[in-house]
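Below is query-v8.cif, holding mmCIF, C-alpha atoms.
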```cif
data_start
#
loop_
_atom_site.label_atom_id
_atom_site.label_comp_id
_atom_site.auth_asym_id
_atom_site.auth_seq_id
_atom_site.Cartn_x
_atom_site.Cartn_y
_atom_site.Cartn_z
CA MET A 1 0.00 0.00 0.00
CA THR A 2 1.50 3.30 -1.05
CA GLN A 3 1.70 6.38 1.14
CA THR A 4 -0.86 8.07 -1.10
CA ASP A 5 -3.28 5.19 -0.64
CA ALA A 6 -2.78 5.19 3.12
CA SER A 7 -3.73 8.87 3.30
CA PHE A 8 -7.27 7.95 2.39
CA PHE A 9 -7.69 6.13 5.69
CA ARG A 10 -7.82 9.62 7.24
CA ILE A 11 -5.53 8.92 10.19
CA THR A 12 -6.71 11.57 12.60
CA ALA A 13 -5.29 11.59 16.04
CA GLN A 14 -6.46 14.64 17.94
CA PRO A 15 -4.75 17.57 16.23
CA VAL A 16 -2.99 20.43 17.90
CA ASP A 17 -5.04 23.61 17.83
CA ARG A 18 -3.98 25.90 15.05
CA PRO A 19 -3.49 29.62 15.74
CA THR A 20 -6.62 31.58 15.17
CA ALA A 21 -6.78 34.32 12.61
CA PRO A 22 -6.26 37.89 13.78
CA SER A 23 -9.26 39.60 15.32
CA GLY A 24 -11.70 40.47 12.59
CA GLY A 25 -10.05 38.04 10.15
CA PRO A 26 -12.35 36.33 7.70
CA HIS A 27 -11.85 32.81 9.12
CA ARG A 28 -11.75 33.52 12.83
CA ALA A 29 -15.24 32.15 13.60
CA ALA A 30 -14.49 28.86 11.88
CA ARG A 31 -11.25 28.40 13.83
CA VAL A 32 -12.47 29.08 17.33
CA GLY A 33 -16.00 27.68 17.06
CA LEU A 34 -17.38 24.77 15.10
CA LEU A 35 -15.17 23.40 12.31
CA ARG A 36 -12.26 25.26 13.82
CA ASP A 37 -9.62 22.99 12.26
CA LEU A 38 -10.72 23.78 8.72
CA GLN A 39 -8.69 26.46 6.98
CA ARG A 40 -11.86 27.67 5.26
CA PRO A 41 -15.53 26.89 5.93
CA GLY A 42 -15.84 25.94 2.26
CA ASP A 43 -13.51 23.00 2.88
CA PHE A 44 -16.39 21.25 4.64
CA PHE A 45 -17.23 19.46 1.37
CA SER A 46 -13.68 18.94 0.13
CA ASN A 47 -13.05 15.40 1.35
CA ILE A 48 -16.44 13.68 1.54
CA GLY A 49 -15.94 10.36 -0.17
CA PRO A 50 -17.88 7.09 -0.37
CA ASN A 51 -16.20 5.89 2.84
CA TRP A 52 -18.49 8.25 4.79
CA TYR A 53 -21.41 5.95 3.94
CA SER A 54 -19.93 3.45 6.40
CA SER A 55 -21.41 5.68 9.10
CA ILE A 56 -24.87 5.06 7.63
CA MET A 57 -24.20 1.32 7.50
CA GLY A 58 -22.99 1.27 11.08
CA THR A 59 -25.87 3.36 12.37
CA GLY A 60 -28.59 1.60 10.40
CA ILE A 61 -27.52 -1.89 11.48
CA VAL A 62 -27.89 -0.90 15.15
CA GLY A 63 -31.58 -0.30 14.51
CA VAL A 64 -32.16 -3.30 12.24
CA ALA A 65 -30.34 -5.69 14.57
CA ALA A 66 -32.49 -4.54 17.49
CA ALA A 67 -35.58 -5.85 15.71
CA THR A 68 -34.04 -9.32 15.31
CA LEU A 69 -32.89 -9.98 18.88
CA PRO A 70 -34.37 -13.07 20.58
CA TYR A 71 -34.83 -11.09 23.80
CA GLN A 72 -37.03 -8.06 23.24
CA PHE A 73 -36.75 -6.00 26.42
CA PRO A 74 -38.70 -2.77 27.11
CA GLY A 75 -37.52 0.23 25.14
CA LEU A 76 -35.56 -1.80 22.57
CA HIS A 77 -38.05 -1.24 19.76
CA THR A 78 -38.20 2.50 20.43
CA PHE A 79 -34.41 2.64 20.46
CA GLY A 80 -34.28 0.75 17.17
CA VAL A 81 -36.73 3.15 15.53
CA ALA A 82 -34.80 6.19 16.78
CA VAL A 83 -31.49 4.88 15.46
CA TRP A 84 -33.05 3.96 12.11
CA LEU A 85 -34.47 7.49 11.81
CA LEU A 86 -30.98 8.87 12.52
CA ALA A 87 -29.55 6.62 9.80
CA SER A 88 -32.25 7.86 7.41
CA PHE A 89 -31.32 11.46 8.17
CA LEU A 90 -27.64 10.67 7.64
CA LEU A 91 -28.44 9.09 4.27
CA VAL A 92 -30.17 12.24 3.06
CA ALA A 93 -27.60 14.62 4.53
CA LEU A 94 -24.53 12.73 3.34
CA THR A 95 -25.96 12.19 -0.13
CA ALA A 96 -26.58 15.93 -0.44
CA ALA A 97 -23.08 16.70 0.86
CA TRP A 98 -21.52 14.17 -1.51
CA ALA A 99 -23.39 15.76 -4.42
CA VAL A 100 -21.92 19.13 -3.46
CA HIS A 101 -18.50 17.48 -3.24
CA TRP A 102 -18.83 16.16 -6.79
CA ILE A 103 -19.89 19.59 -8.06
CA ARG A 104 -17.30 21.70 -6.20
CA HIS A 105 -14.41 19.21 -5.99
CA THR A 106 -14.87 17.15 -9.13
CA ASP A 107 -11.19 16.25 -9.57
CA THR A 108 -10.97 14.97 -5.98
CA ALA A 109 -14.15 12.93 -6.42
CA ARG A 110 -12.82 11.37 -9.60
CA GLY A 111 -9.57 10.66 -7.79
CA HIS A 112 -11.49 8.82 -5.07
CA ALA A 113 -13.24 6.72 -7.70
CA HIS A 114 -9.93 5.62 -9.23
CA ASN A 115 -7.80 5.32 -6.10
CA THR A 116 -6.82 1.76 -5.19
CA VAL A 117 -8.08 2.19 -1.60
CA MET A 118 -10.92 4.71 -1.68
CA SER A 119 -12.60 3.06 -4.68
CA GLN A 120 -13.23 -0.05 -2.55
CA PHE A 121 -15.61 1.97 -0.37
CA TRP A 122 -18.07 2.55 -3.20
CA GLY A 123 -19.61 -0.63 -1.82
CA ALA A 124 -20.45 1.29 1.34
CA VAL A 125 -22.82 3.50 -0.65
CA ALA A 126 -24.87 0.52 -1.80
CA MET A 127 -24.92 -1.07 1.64
CA GLY A 128 -25.78 2.18 3.40
CA VAL A 129 -28.78 2.67 1.12
CA MET A 130 -30.04 -0.89 1.61
CA THR A 131 -29.55 -0.84 5.39
CA VAL A 132 -31.87 2.15 5.64
CA GLY A 133 -34.27 0.32 3.32
CA ALA A 134 -34.34 -2.73 5.61
CA GLY A 135 -35.17 -0.44 8.51
CA ALA A 136 -38.04 1.02 6.52
CA VAL A 137 -39.56 -2.44 6.12
CA LYS A 138 -39.16 -3.25 9.82
CA PHE A 139 -40.01 0.09 11.39
CA GLY A 140 -41.64 2.35 8.80
CA GLY A 141 -45.22 1.07 8.86
CA PRO A 142 -46.48 2.99 11.91
CA LEU A 143 -44.74 6.16 10.72
CA VAL A 144 -45.54 6.35 7.00
CA GLY A 145 -48.08 3.58 6.54
CA GLU A 146 -47.47 0.02 5.42
CA THR A 147 -47.64 0.91 1.73
CA GLY A 148 -45.18 3.77 2.10
CA ALA A 149 -42.78 1.70 4.19
CA ILE A 150 -42.74 -1.22 1.76
CA GLY A 151 -42.47 1.17 -1.17
CA ALA A 152 -39.44 2.83 0.43
CA GLY A 153 -37.96 -0.57 1.15
CA TRP A 154 -38.33 -1.63 -2.48
CA ALA A 155 -36.92 1.63 -3.83
CA LEU A 156 -33.85 1.62 -1.58
CA TRP A 157 -33.29 -2.10 -2.14
CA GLY A 158 -33.47 -1.57 -5.90
CA VAL A 159 -31.02 1.33 -5.92
CA GLY A 160 -28.61 -0.43 -3.58
CA THR A 161 -28.81 -3.71 -5.48
CA VAL A 162 -28.05 -2.14 -8.85
CA LEU A 163 -25.18 -0.12 -7.42
CA GLY A 164 -23.86 -3.16 -5.52
CA LEU A 165 -23.85 -5.35 -8.62
CA VAL A 166 -21.96 -2.59 -10.44
CA THR A 167 -19.31 -2.31 -7.73
CA THR A 168 -18.95 -6.11 -7.59
CA ALA A 169 -17.85 -6.15 -11.23
CA TRP A 170 -16.42 -2.64 -11.70
CA ILE A 171 -13.99 -2.44 -8.78
CA PRO A 172 -12.34 -5.84 -9.41
CA TYR A 173 -12.10 -4.89 -13.09
CA MET A 174 -10.32 -1.67 -12.13
CA MET A 175 -7.98 -3.64 -9.88
CA ILE A 176 -7.16 -6.08 -12.67
CA VAL A 177 -6.75 -3.59 -15.48
CA HIS A 178 -5.77 -0.22 -13.99
CA HIS A 179 -4.67 -0.39 -10.35
CA GLU A 180 -1.14 -1.17 -9.28
CA VAL A 181 -1.63 -3.82 -6.60
CA GLY A 182 1.32 -5.17 -4.63
CA GLN A 183 1.61 -8.47 -2.80
CA GLU A 184 1.09 -6.68 0.51
CA SER A 185 -1.87 -4.56 -0.67
CA ALA A 186 -4.70 -6.85 0.41
CA PHE A 187 -6.81 -5.57 3.31
CA GLY A 188 -10.33 -5.98 4.64
CA GLY A 189 -11.59 -3.15 2.43
CA TRP A 190 -11.25 -5.39 -0.62
CA LEU A 191 -14.46 -7.05 0.55
CA MET A 192 -16.45 -3.82 0.52
CA PRO A 193 -17.33 -3.84 -3.22
CA VAL A 194 -18.43 -7.49 -3.23
CA VAL A 195 -20.49 -7.67 -0.01
CA PRO A 196 -23.48 -5.60 -1.30
CA PRO A 197 -25.06 -8.53 -3.20
CA MET A 198 -25.12 -10.47 0.09
CA VAL A 199 -26.92 -7.53 1.70
CA SER A 200 -29.31 -7.59 -1.28
CA ALA A 201 -29.96 -11.28 -0.65
CA ALA A 202 -30.65 -10.80 3.07
CA ASN A 203 -32.78 -7.69 2.64
CA GLY A 204 -34.50 -9.12 -0.42
CA ALA A 205 -35.80 -11.93 1.78
CA LEU A 206 -37.72 -9.29 3.74
CA LEU A 207 -39.43 -8.22 0.51
CA VAL A 208 -40.37 -11.67 -0.83
CA PRO A 209 -43.66 -11.66 1.15
CA HIS A 210 -44.47 -8.32 -0.49
CA THR A 211 -43.73 -9.55 -4.02
CA PRO A 212 -46.61 -10.39 -6.39
CA ALA A 213 -47.30 -14.12 -6.13
CA GLY A 214 -46.22 -14.89 -9.68
CA LEU A 215 -42.89 -13.10 -9.21
CA ALA A 216 -42.02 -14.29 -5.71
CA PRO A 217 -40.13 -17.42 -6.90
CA THR A 218 -38.09 -15.28 -9.30
CA MET A 219 -37.28 -12.82 -6.54
CA LEU A 220 -36.16 -15.62 -4.23
CA VAL A 221 -33.97 -17.26 -6.89
CA ALA A 222 -32.42 -13.88 -7.73
CA CYS A 223 -31.56 -13.41 -4.06
CA TYR A 224 -29.93 -16.83 -3.92
CA ALA A 225 -27.94 -15.94 -7.04
CA MET A 226 -26.68 -12.75 -5.38
CA PHE A 227 -25.87 -14.81 -2.29
CA GLY A 228 -23.59 -16.88 -4.50
CA VAL A 229 -22.02 -13.86 -6.20
CA SER A 230 -20.91 -12.39 -2.91
CA LEU A 231 -20.01 -15.71 -1.27
CA PHE A 232 -17.63 -16.88 -3.98
CA ALA A 233 -16.05 -13.44 -4.34
CA THR A 234 -15.45 -13.46 -0.57
CA LEU A 235 -13.90 -16.93 -0.78
CA ALA A 236 -11.49 -15.60 -3.42
CA ILE A 237 -10.49 -12.54 -1.37
CA LEU A 238 -10.33 -13.90 2.17
CA PRO A 239 -7.22 -16.11 1.62
CA GLN A 240 -5.39 -13.07 0.25
CA ILE A 241 -6.23 -11.06 3.38
CA TRP A 242 -5.10 -13.95 5.59
CA ASN A 243 -1.83 -14.26 3.63
CA LYS A 244 -1.18 -10.53 3.84
CA LEU A 245 -1.71 -10.44 7.60
CA VAL A 246 0.46 -13.49 8.27
CA VAL A 247 3.27 -12.74 5.82
CA HIS A 248 3.36 -8.94 5.74
CA GLY A 249 1.75 -7.96 9.05
CA THR A 250 -1.13 -5.61 9.75
CA GLY A 251 0.35 -2.51 8.14
CA PRO A 252 -0.41 1.03 9.39
CA ALA A 253 -2.32 1.17 12.67
CA ALA A 254 -5.29 2.90 11.05
CA THR A 255 -5.84 -0.12 8.77
CA VAL A 256 -6.18 -2.56 11.68
CA PRO A 257 -9.95 -1.93 12.14
CA THR A 258 -10.51 -3.16 8.57
CA MET A 259 -9.81 -6.68 9.83
CA TRP A 260 -13.33 -6.52 11.26
CA ILE A 261 -14.80 -6.12 7.76
CA VAL A 262 -14.26 -9.85 7.24
CA LEU A 263 -17.12 -10.41 9.69
CA GLY A 264 -19.47 -8.59 7.29
CA PRO A 265 -19.85 -11.22 4.56
CA LEU A 266 -19.68 -14.02 7.14
CA GLY A 267 -22.45 -12.69 9.39
CA GLN A 268 -24.55 -11.41 6.51
CA SER A 269 -24.34 -14.73 4.68
CA VAL A 270 -25.63 -16.55 7.78
CA THR A 271 -28.45 -14.01 7.97
CA ALA A 272 -29.27 -14.34 4.27
CA ALA A 273 -29.19 -18.16 4.22
CA ASN A 274 -31.68 -18.37 7.07
CA LEU A 275 -33.99 -15.53 6.00
CA LEU A 276 -34.16 -16.92 2.46
CA GLY A 277 -34.87 -20.36 3.89
CA ASP A 278 -37.85 -18.89 5.71
CA GLN A 279 -39.27 -17.68 2.39
CA ALA A 280 -38.49 -20.75 0.31
CA GLY A 281 -42.06 -21.97 0.62
CA VAL A 282 -42.79 -20.06 -2.60
CA LEU A 283 -40.72 -22.70 -4.43
CA GLY A 284 -42.68 -25.63 -3.01
CA GLU A 285 -41.25 -28.93 -1.83
CA PRO A 286 -38.63 -30.32 -1.60
CA TYR A 287 -36.94 -26.93 -2.04
CA ALA A 288 -38.64 -25.28 0.93
CA THR A 289 -37.36 -27.89 3.38
CA GLY A 290 -33.96 -28.07 1.67
CA ALA A 291 -33.49 -24.30 1.86
CA HIS A 292 -34.42 -24.29 5.54
CA VAL A 293 -31.93 -27.05 6.29
CA PHE A 294 -29.26 -25.32 4.21
CA GLY A 295 -29.61 -22.21 6.35
CA ILE A 296 -28.63 -24.23 9.43
CA LEU A 297 -25.99 -26.49 7.83
CA TYR A 298 -24.30 -23.49 6.21
CA GLY A 299 -24.97 -21.05 9.00
CA VAL A 300 -23.57 -22.89 12.00
CA PRO A 301 -20.07 -23.62 10.58
CA THR A 302 -19.83 -20.12 9.12
CA TRP A 303 -20.93 -18.62 12.44
CA GLY A 304 -18.24 -20.63 14.18
CA PHE A 305 -15.52 -19.25 11.91
CA ALA A 306 -16.92 -15.73 12.34
CA MET A 307 -16.61 -16.02 16.11
CA VAL A 308 -12.98 -17.15 15.79
CA TRP A 309 -12.25 -14.24 13.45
CA LEU A 310 -13.94 -11.84 15.87
CA VAL A 311 -11.60 -13.02 18.66
CA LEU A 312 -8.59 -12.74 16.34
CA ALA A 313 -9.55 -9.24 15.17
CA ALA A 314 -10.23 -8.13 18.74
CA ALA A 315 -6.85 -9.43 19.93
CA VAL A 316 -4.97 -7.63 17.15
CA THR A 317 -6.98 -4.45 17.76
CA ILE A 318 -6.29 -4.47 21.50
CA ARG A 319 -2.59 -5.08 20.88
CA THR A 320 -2.47 -2.17 18.43
CA ALA A 321 -4.45 0.09 20.77
CA ARG A 322 -1.91 -0.50 23.53
CA GLN A 323 0.74 0.92 21.23
CA LYS A 324 -1.42 3.54 19.50
CA LEU A 325 -4.60 3.31 17.46
CA PRO A 326 -5.40 6.78 16.11
CA PHE A 327 -8.99 7.56 15.28
CA ALA A 328 -9.95 7.29 11.63
CA LEU A 329 -13.11 6.61 9.66
CA THR A 330 -11.97 2.98 9.49
CA TRP A 331 -13.26 2.70 13.07
CA TRP A 332 -16.72 2.30 11.53
CA SER A 333 -15.49 -1.21 10.68
CA PHE A 334 -16.23 -2.01 14.33
CA THR A 335 -19.97 -1.54 13.72
CA PHE A 336 -21.70 -2.95 10.63
CA PRO A 337 -19.72 -6.23 10.51
CA VAL A 338 -20.54 -6.90 14.16
CA GLY A 339 -24.15 -6.02 13.40
CA THR A 340 -24.31 -8.73 10.73
CA CYS A 341 -23.07 -11.20 13.34
CA VAL A 342 -25.96 -10.09 15.57
CA THR A 343 -28.55 -10.68 12.84
CA GLY A 344 -26.94 -13.96 11.81
CA THR A 345 -26.82 -15.23 15.38
CA SER A 346 -30.42 -14.14 15.96
CA ALA A 347 -31.53 -15.99 12.82
CA LEU A 348 -29.84 -19.18 14.00
CA ALA A 349 -31.34 -18.74 17.46
CA ALA A 350 -34.82 -18.43 15.92
CA HIS A 351 -34.36 -21.67 13.99
CA LEU A 352 -32.51 -23.80 16.55
CA HIS A 353 -34.08 -22.42 19.76
CA LEU A 354 -30.77 -22.72 21.62
CA PRO A 355 -30.38 -20.41 24.66
CA MET A 356 -26.64 -20.22 23.94
CA LEU A 357 -27.31 -18.51 20.62
CA ALA A 358 -29.87 -16.15 22.14
CA VAL A 359 -27.36 -15.09 24.79
CA ALA A 360 -24.62 -14.75 22.17
CA ALA A 361 -26.84 -12.51 20.02
CA THR A 362 -27.59 -10.28 22.99
CA ALA A 363 -23.91 -10.06 23.97
CA LEU A 364 -22.91 -9.21 20.41
CA TYR A 365 -25.58 -6.52 20.31
CA ALA A 366 -24.20 -4.98 23.49
CA LEU A 367 -20.76 -4.93 21.83
CA LEU A 368 -22.28 -3.36 18.72
CA VAL A 369 -24.06 -0.57 20.60
CA THR A 370 -20.95 0.22 22.63
CA ALA A 371 -18.76 0.38 19.54
CA TRP A 372 -21.32 2.47 17.66
CA ALA A 373 -21.66 4.97 20.51
CA VAL A 374 -17.90 5.48 20.73
CA VAL A 375 -17.33 5.77 16.99
CA ALA A 376 -20.37 8.00 16.43
CA VAL A 377 -19.28 10.46 19.12
CA ARG A 378 -15.70 10.53 17.83
CA THR A 379 -16.91 11.05 14.26
CA ALA A 380 -19.29 13.86 15.24
CA HIS A 381 -16.52 15.59 17.18
CA GLY A 382 -14.00 15.17 14.39
CA SER A 383 -16.34 16.38 11.66
CA LEU A 384 -18.73 18.93 13.15
CA VAL A 385 -16.76 20.27 16.12
CA ARG A 386 -13.14 20.13 15.03
CA GLY A 387 -13.60 19.53 11.31
CA HIS A 388 -10.30 17.71 10.81
CA LEU A 389 -12.03 14.62 9.38
CA LEU A 390 -13.26 16.85 6.57
CA ALA A 391 -9.99 18.68 5.92
CA PRO A 392 -8.39 18.24 2.47
CA ALA A 393 -6.01 15.27 2.38
#
```

Write-out of the structure in structure tokens:
Amino acid sequence: MTQTDASFFRITAQPVDRPTAPSGGPHRAARVGLLRDLQRPGDFFSNIGPNWYSSIMGTGIVGVAAATLPYQFPGLHTFGVAVWLLASFLLVALTAAWAVHWIRHTDTARGHAHNTVMSQFWGAVAMGVMTVGAGAVKFGGPLVGETGAIGAGWALWGVGTVLGLVTTAWIPYMMIVHHEVGQESAFGGWLMPVVPPMVSAANGALLVPHTPAGLAPTMLVACYAMFGVSLFATLAILPQIWNKLVVHGTGPAATVPTMWIVLGPLGQSVTAANLLGDQAGVLGEPYATGAHVFGILYGVPTWGFAMVWLVLAAAVTIRTARQKLPFALTWWSFTFPVGTCVTGTSALAAHLHLPMLAVAATALYALLVTAWAVVAVRTAHGSLVRGHLLAPA
């Protein structure tokens, strides 16, 4: 990974306060109040890339995962709705800000799209959109009506699915044809462009009951196809990440959180396999029973490996933190991947009725909420208060 590529991880340890402009200077308010680490207020839009959508993913999954937990304690549903609404607001606000970025900083935006690191995070856009869409299906009915909620779910799923299928083919093509990729370049972010179809499969299962009867089997088969697209792409990438970590080490400290991204396709595939199995009745027998059994036979071994990887990633993260783990947007890798483990564990618990899995899902959700709270506060402080997360690279 080159130094230029590493700069896109936005390594942002707490900066030293810059001198303020002389009294009456044009930038004084920005430097002593909000956004005080930006040279100019106009720089607010200068570095908003697709990686910012990881904040929508991480926020949205906190709400969606709440709805899947085996133990539904008082206040959990209300909390889930509130977090989903926050994710919805972030989707609108960040999309508007990103549009301004493309208009005012076109060369930088094009550079992000072609950079070997930042381009990987185009997958975050697709997944952020679909995560909000899943929340609409689960929570939107009482707020906008069942028709409006399902309509929003379909629209966001459609946009995210199309974009995710594009990134699944486009980003690997760019890596093969245009990017200069070294033997030590592999990192968890390589999974970002190819995970969206797995999110489409899992979230598509929520929409199968709302699909016209004649089209429901086609919808289900399409979701299984996208399950396969993402699964086999993950199986091609994961050994390269393992080899890089073992042979070349973790790399810069700010890249260490990306180890957690591996949990994303693992947890989401367990979720998808079981949710699709629940809807396989539209195919009739023996496929309905076979799909249900597949969800368990695939899900349990994959869940086991995910738990081992979680322990491994946590151990490496703690070791790095003891030395120094500066805050960067890569910290959002602590959220969405863990959230998929929550939904996957909850799906297995619903099928197998094992208390161990119910407890594990609840414990993972506690980890998710804690990580999300820390990262959200640090991101808000670094973007809206200090502004250094938004400063030009």

Quiz item: Do you have the CA of Thr302 (chain A)-CA of Ala254 (chain A) distance handy?
Solution: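 Taking CA of Thr302 (chain A) as the start and CA of Ala254 (chain A) as the end point, the length is 27.3 Å.
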
Quiz item: With distances taken over all atoms listed in the file, which of A:Gly123, A:Gly264, A:Pro252, A:Pro392 is nearest to Thr343 (chain A)?
Solution: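 The shortest atom-to-atom distance to Thr343 (chain A) comes from A:Gly264.
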
Could you list, with a cut-off of 12 Å and counting only C-alpha atoms, the residues of region 231-292 of chain A near region 160-172 of chain A, each shown with its nearest atom pair and the distance in Å rounded to one decimal, rows sorted by chain and ascending number, as JSON lines?
```
{"residue": "A:Leu231", "atom": "CA", "partner": "A:Thr168", "partner_atom": "CA", "distance": 11.5}
{"residue": "A:Phe232", "atom": "CA", "partner": "A:Thr168", "partner_atom": "CA", "distance": 11.4}
{"residue": "A:Ala233", "atom": "CA", "partner": "A:Thr168", "partner_atom": "CA", "distance": 8.5}
{"residue": "A:Thr234", "atom": "CA", "partner": "A:Thr168", "partner_atom": "CA", "distance": 10.7}
{"residue": "A:Ala236", "atom": "CA", "partner": "A:Pro172", "partner_atom": "CA", "distance": 11.5}
{"residue": "A:Ile237", "atom": "CA", "partner": "A:Pro172", "partner_atom": "CA", "distance": 10.6}
```

How close does region 46-100 of chain A get to region 266-289 of chain A? List, as a tab-separated table, each residue of region 46-100 of chain A within 12 Å, its nearest atom pair and the distance in Å to one decimal, counting only C-alpha atoms.
```
residue	atom	partner	partner_atom	distance
A:Ile61	CA	A:Gln268	CA	11.1
A:Ala65	CA	A:Thr271	CA	10.8
A:Thr68	CA	A:Thr271	CA	10.3
```

Self-check item: Atom-to-atom span, CA of Cys223 (chain A) and CA of Met198 (chain A), Å
Solution: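 Answer for the CA of Cys223 (chain A) to CA of Met198 (chain A) separation: 8.2 Å.
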
Practice problem: Name the residues that the PyMOL selection byres ((chain A and resi 132) around 8) pulls out of this structure, and write them as number ranges by chain. | Solution: A: 56-57, 60, 84, 87-88, 91, 128-131, 133-136, 156

Region 274-290 of chain A, all listed atoms, 5 Å padding on each side: what axis-aligned box centre and edge lengths in Å to one decimal come out, as AutoDock Vina command-line options?
```
--center_x -37.2 --center_y -22.9 --center_z 1.3 --size_x 21.1 --size_y 24.8 --size_z 21.5
```

Quiz item: Please, what distance in Å, to one decimal, runs between CA of Ala313 (chain A) and CA of Trp260 (chain A)?
Solution: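 Separating CA of Ala313 (chain A) from CA of Trp260 (chain A) is a distance of 6.1 Å.
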
Self-check item: Spatial neighbours of Phe44 (chain A), max dist 12 Å, only C-alpha atoms, sep filter under 4 positions, as a VMD selection string
Solution: chain A and resid 30 34 to 40 48 to 49 94 97 to 98 100 to 101 104 to 105 382 to 392
